[in-house]
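Asker: model_29.cif is the file, holding mmCIF, C-alpha atoms and all ligand atoms:
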data_upload
loop_
_atom_site.label_atom_id
_atom_site.label_comp_id
_atom_site.auth_asym_id
_atom_site.auth_seq_id
_atom_site.Cartn_x
_atom_site.Cartn_y
_atom_site.Cartn_z
CA MET S 1 71.34 45.92 187.11
CA THR S 2 67.89 44.73 185.92
CA ASN S 3 65.52 42.36 187.68
CA VAL S 4 64.82 39.23 185.63
CA SER S 5 62.92 36.06 186.49
CA GLN S 6 64.74 32.77 186.39
CA MET S 7 62.21 30.10 185.39
CA ARG S 8 62.46 26.50 186.60
CA VAL S 9 60.30 23.46 185.82
CA GLY S 10 59.82 20.40 188.03
CA LEU S 11 58.31 16.97 187.49
CA GLY S 12 56.71 14.78 190.16
CA TYR S 13 55.53 11.17 190.02
CA ASP S 14 54.10 8.96 192.75
CA VAL S 15 52.34 5.60 193.10
CA HIS S 16 50.34 4.11 195.97
CA ALA S 17 48.78 0.65 196.13
CA PHE S 18 45.13 0.06 196.93
CA ALA S 19 44.29 -1.63 200.23
CA GLU S 20 41.05 -2.64 201.91
CA GLY S 21 40.01 -0.61 204.94
CA ARG S 22 41.78 2.59 203.86
CA LYS S 23 40.26 5.92 202.81
CA LEU S 24 40.77 7.13 199.26
CA ILE S 25 42.07 10.69 199.55
CA LEU S 26 43.11 12.57 196.41
CA GLY S 27 43.89 16.27 196.40
CA GLY S 28 42.58 16.37 199.98
CA VAL S 29 39.15 15.09 198.91
CA GLU S 30 37.82 11.90 200.50
CA ILE S 31 36.39 10.02 197.53
CA PRO S 32 33.77 7.31 198.12
CA HIS S 33 35.25 3.95 197.00
CA HIS S 34 35.36 0.40 198.35
CA LYS S 35 39.14 0.62 198.94
CA GLY S 36 41.72 3.29 199.57
CA LEU S 37 45.44 3.87 199.15
CA LEU S 38 48.12 2.47 201.44
CA GLY S 39 50.89 4.70 202.78
CA HIS S 40 52.72 6.00 205.83
CA SER S 41 50.74 9.24 205.46
CA ASP S 42 47.15 9.54 204.19
CA ALA S 43 48.62 8.30 200.85
CA ASP S 44 47.32 11.26 198.84
CA VAL S 45 49.24 10.32 195.71
CA LEU S 46 48.23 13.53 193.90
CA ALA S 47 49.43 15.84 196.69
CA HIS S 48 52.70 13.86 196.78
CA ALA S 49 53.31 14.16 193.02
CA ILE S 50 52.64 17.91 193.17
CA SER S 51 54.93 18.27 196.21
CA ASP S 52 57.73 16.54 194.29
CA ALA S 53 57.14 18.70 191.20
CA ILE S 54 57.49 21.86 193.32
CA LEU S 55 60.58 20.54 195.12
CA GLY S 56 62.06 19.38 191.82
CA ALA S 57 61.71 22.82 190.26
CA ALA S 58 63.46 24.34 193.28
CA ARG S 59 66.16 21.60 193.15
CA ALA S 60 65.29 21.02 196.80
CA GLY S 61 65.17 17.23 196.95
CA ASP S 62 61.88 15.36 197.37
CA ILE S 63 59.15 14.78 199.96
CA GLY S 64 60.92 11.71 201.32
CA LYS S 65 63.86 13.97 202.21
CA LEU S 66 61.63 16.53 203.96
CA PHE S 67 59.21 14.06 205.56
CA PRO S 68 60.89 10.62 205.93
CA ASP S 69 58.48 7.68 205.85
CA THR S 70 60.42 6.24 208.80
CA ASP S 71 59.44 9.23 210.99
CA PRO S 72 56.42 8.48 213.22
CA ALA S 73 55.57 12.21 213.08
CA TYR S 74 54.21 11.64 209.55
CA ALA S 75 52.17 8.51 210.30
CA GLY S 76 48.69 9.25 208.94
CA ALA S 77 49.80 12.77 207.98
CA ASP S 78 47.45 15.07 206.07
CA SER S 79 49.34 15.42 202.77
CA LEU S 80 47.77 18.84 202.11
CA LYS S 81 49.62 20.06 205.22
CA LEU S 82 52.86 18.55 203.87
CA LEU S 83 52.17 20.28 200.53
CA ALA S 84 51.67 23.61 202.34
CA GLU S 85 55.03 23.07 204.08
CA VAL S 86 56.66 22.34 200.70
CA ALA S 87 55.23 25.57 199.26
CA ALA S 88 56.50 27.57 202.25
CA HIS S 89 59.91 25.91 201.93
CA VAL S 90 60.41 26.87 198.28
CA ARG S 91 59.12 30.41 198.93
CA GLY S 92 61.79 30.59 201.65
CA LEU S 93 64.33 29.77 198.93
CA GLY S 94 63.08 32.81 196.96
CA PHE S 95 60.76 31.12 194.47
CA GLU S 96 57.28 32.14 193.35
CA ILE S 97 54.97 29.23 192.48
CA VAL S 98 53.61 30.17 189.05
CA ASP S 99 51.71 27.15 187.73
CA VAL S 100 50.98 23.49 188.44
CA ASP S 101 49.37 20.82 186.26
CA SER S 102 48.75 17.17 187.05
CA VAL S 103 47.21 13.92 185.87
CA ILE S 104 45.94 10.98 187.91
CA ALA S 105 45.95 7.50 186.34
CA ALA S 106 43.11 5.51 187.90
CA GLN S 107 40.86 2.92 186.29
CA ALA S 108 38.28 3.61 189.00
CA PRO S 109 36.59 5.42 190.59
CA LYS S 110 35.43 8.23 188.30
CA LEU S 111 37.33 11.31 189.44
CA SER S 112 36.09 14.16 187.25
CA PRO S 113 33.15 14.96 189.60
CA HIS S 114 35.78 15.75 192.28
CA ARG S 115 38.12 17.80 190.07
CA ASP S 116 37.06 21.25 191.26
CA ALA S 117 37.14 20.31 194.95
CA MET S 118 40.66 18.87 194.49
CA ARG S 119 41.84 22.00 192.66
CA GLU S 120 40.45 24.25 195.40
CA ASN S 121 42.12 22.24 198.19
CA LEU S 122 45.45 22.07 196.37
CA ALA S 123 45.43 25.78 195.46
CA ARG S 124 44.67 26.72 199.08
CA ALA S 125 47.52 24.52 200.34
CA ILE S 126 50.00 25.84 197.79
CA GLY S 127 48.87 29.46 198.23
CA VAL S 128 48.01 30.17 194.60
CA SER S 129 44.78 30.88 192.74
CA VAL S 130 42.64 27.94 191.60
CA ASP S 131 43.36 28.71 187.95
CA ALA S 132 47.06 28.01 188.63
CA VAL S 133 46.31 24.35 189.48
CA GLY S 134 45.25 21.79 186.88
CA VAL S 135 43.96 18.31 187.73
CA LYS S 136 43.14 15.72 185.10
CA ALA S 137 42.31 12.02 185.24
CA THR S 138 42.74 9.14 182.86
CA THR S 139 42.16 5.42 182.92
CA THR S 140 44.92 3.29 181.44
CA GLU S 141 42.41 1.33 179.35
CA ARG S 142 42.76 -1.57 181.84
CA LEU S 143 46.51 -1.85 181.13
CA GLY S 144 49.17 -2.03 183.86
CA PHE S 145 48.77 -1.82 187.65
CA GLU S 146 46.39 1.14 187.46
CA GLY S 147 44.28 -0.69 184.86
CA ARG S 148 44.11 -3.79 187.07
CA GLU S 149 42.95 -1.49 189.91
CA GLU S 150 45.96 -2.45 192.05
CA GLY S 151 46.88 1.18 192.65
CA ILE S 152 46.83 4.76 191.44
CA SER S 153 49.63 6.88 190.02
CA ALA S 154 49.87 10.64 189.63
CA GLN S 155 52.20 12.90 187.69
CA ALA S 156 52.60 16.65 188.05
CA VAL S 157 54.59 19.51 186.60
CA CYS S 158 55.32 22.84 188.23
CA LEU S 159 56.70 26.16 187.01
CA LEU S 160 58.59 28.32 189.50
CA ALA S 161 60.02 31.83 189.02
CA LYS S 162 62.82 33.46 190.97
CA LYS S 163 63.62 37.12 190.75
CA CYS S 164 67.32 37.69 190.27
CA SER S 165 69.56 40.60 189.39
CA GLU S 166 71.57 40.61 186.18
CA PRO S 167 73.93 43.27 184.93
CA ALA S 168 72.42 45.36 182.07
CA GLU S 169 74.06 44.83 178.63
N1 LIG S 201 39.44 7.67 187.04
C1 LIG S 201 39.06 8.44 186.01
C2 LIG S 201 39.52 8.25 184.73
C3 LIG S 201 39.05 9.04 183.71
N2 LIG S 201 38.16 10.03 183.99
C4 LIG S 201 37.60 10.90 182.92
O1 LIG S 201 37.24 10.10 181.80
C5 LIG S 201 37.87 10.60 180.61
C6 LIG S 201 38.21 9.49 179.67
O2 LIG S 201 39.19 8.65 180.24
P1 LIG S 201 40.07 7.71 179.26
O3 LIG S 201 41.06 7.05 180.14
O4 LIG S 201 39.08 6.77 178.66
O5 LIG S 201 40.71 8.60 178.25
C7 LIG S 201 39.08 11.39 181.11
O6 LIG S 201 39.47 12.39 180.20
C8 LIG S 201 38.54 11.96 182.40
O7 LIG S 201 37.77 13.12 182.15
C9 LIG S 201 37.73 10.22 185.27
O8 LIG S 201 36.93 11.12 185.56
N3 LIG S 201 38.18 9.41 186.27
C1 LIG S 202 54.40 11.24 202.36
C2 LIG S 202 55.36 10.36 203.10
C3 LIG S 202 55.46 10.90 204.55
O1 LIG S 202 56.34 10.15 205.33
O2 LIG S 202 54.93 9.00 203.24
P1 LIG S 202 53.99 8.04 202.30
O3 LIG S 202 52.55 8.20 202.62
O4 LIG S 202 54.49 6.63 202.47
O5 LIG S 202 54.17 8.50 200.82
P2 LIG S 202 55.36 8.20 199.80
O6 LIG S 202 55.04 8.97 198.55
O7 LIG S 202 55.56 6.73 199.63
O8 LIG S 202 56.66 8.76 200.56
C4 LIG S 202 56.80 10.13 200.92
C5 LIG S 202 56.76 10.39 202.42
O9 LIG S 202 57.34 11.66 202.58
#
Can I see the file as structure tokens?
Ligand SMILES: Nc1ccn([C@@H]2O[C@H](COP(=O)(O)O)[C@@H](O)[C@H]2O)c(=O)n1
Ligand SMILES: C[C@@]1(CO)OP(=O)(O)OP(=O)(O)OC[C@H]1O
Answerer:
Amino acid sequence: MTNVSQMRVGLGYDVHAFAEGRKLILGGVEIPHHKGLLGHSDADVLAHAISDAILGAARAGDIGKLFPDTDPAYAGADSLKLLAEVAAHVRGLGFEIVDVDSVIAAQAPKLSPHRDAMRENLARAIGVSVDAVGVKATTTERLGFEGREEGISAQAVCLLAKKCSEPAE
């Protein structure tokens, strides 16, 4: 028997609408802006997309399954804490979190000044090194709901590895 790694990829996507009187929190960073994102939790759309990418790679459902948006326990929840729970959950299933990359689609505000702070927060929550977490941002050239500044979307991919035994040839 030899130990081999089974590799799995996951994809996550999330959208939250802008609302007045809310904080804008992305990757656990509170970003100065005149409006924030609406949600049951803190509406950290980036942390949610990454959570779903990790869960997708583990074939373990999605964040709505783990943390229902009908459960008052998650009202105003810190999404970095939910992400840390997701990481612990997939490790409990035997997976190692190898790599994460992501992109935020937002017409405004400018996010690149906050990239490193987001990466550090996310890496700490996931329990990986900062170089294993990518964060990018794009406008949508004023097209679509992001371009009209009605909301923000985020997409993420994740690579997981699981050690498994296989009979030698
Ligand atoms: N909210 C955003 C959007 C974009 N950026 C940075 O600007 C670059 C150019 O964006 P385009 O949509 O015109 O391609 C992009 O590569 C990001 O570095 C940003 O910081 N915040
Ligand atoms: C994060 C959770 C927590 O209840 O709520 P929301 O902030 O509404 O976020 P969404 O991505 O719409 O749903 C996932 C939920 O698990």
Asker: Find the residue from S:Pro68, S:Gly144, S:Gly134, S:Pro113 that sits nearest to ligand LIG 201 (chain S); use only C-alpha atoms and all ligand atoms when measuring.
Answerer: S:Pro113
Asker: Hey, which residues sit close to ligand LIG 201 (chain S)? Say within 12 Å, counting all atoms listed in the file, and write them as number ranges by chain.
Answerer: S: 26, 31, 33, 103-116, 135-143, 146-147, 149, 151-154
Asker: Taking all atoms listed in the file into account, which residues have an atom no farther than 7 Å from ligand LIG 202 (chain S)? I'd like them as a PyMOL selection string.
Answerer: chain S and resi 14-16+39-43+45+48+63-71+74-75+77+79
Asker: Measuring atom to atom with all atoms listed in the file, identify which of S:Gly92, S:Pro72, S:Gly21, S:Gly10 is nearest to Ala53 of chain S.
Answerer: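 For Ala53 of chain S, the nearest of the candidates is S:Gly10.
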Asker: With only C-alpha atoms as the counted atoms, please give the residues lying no more than 6 Å from Gln155 of chain S, apart from itself and same-chain residues fewer than 6 positions off, as JSON, numbers by chain.
Answerer: {"S": [12, 13, 49, 102, 103]}
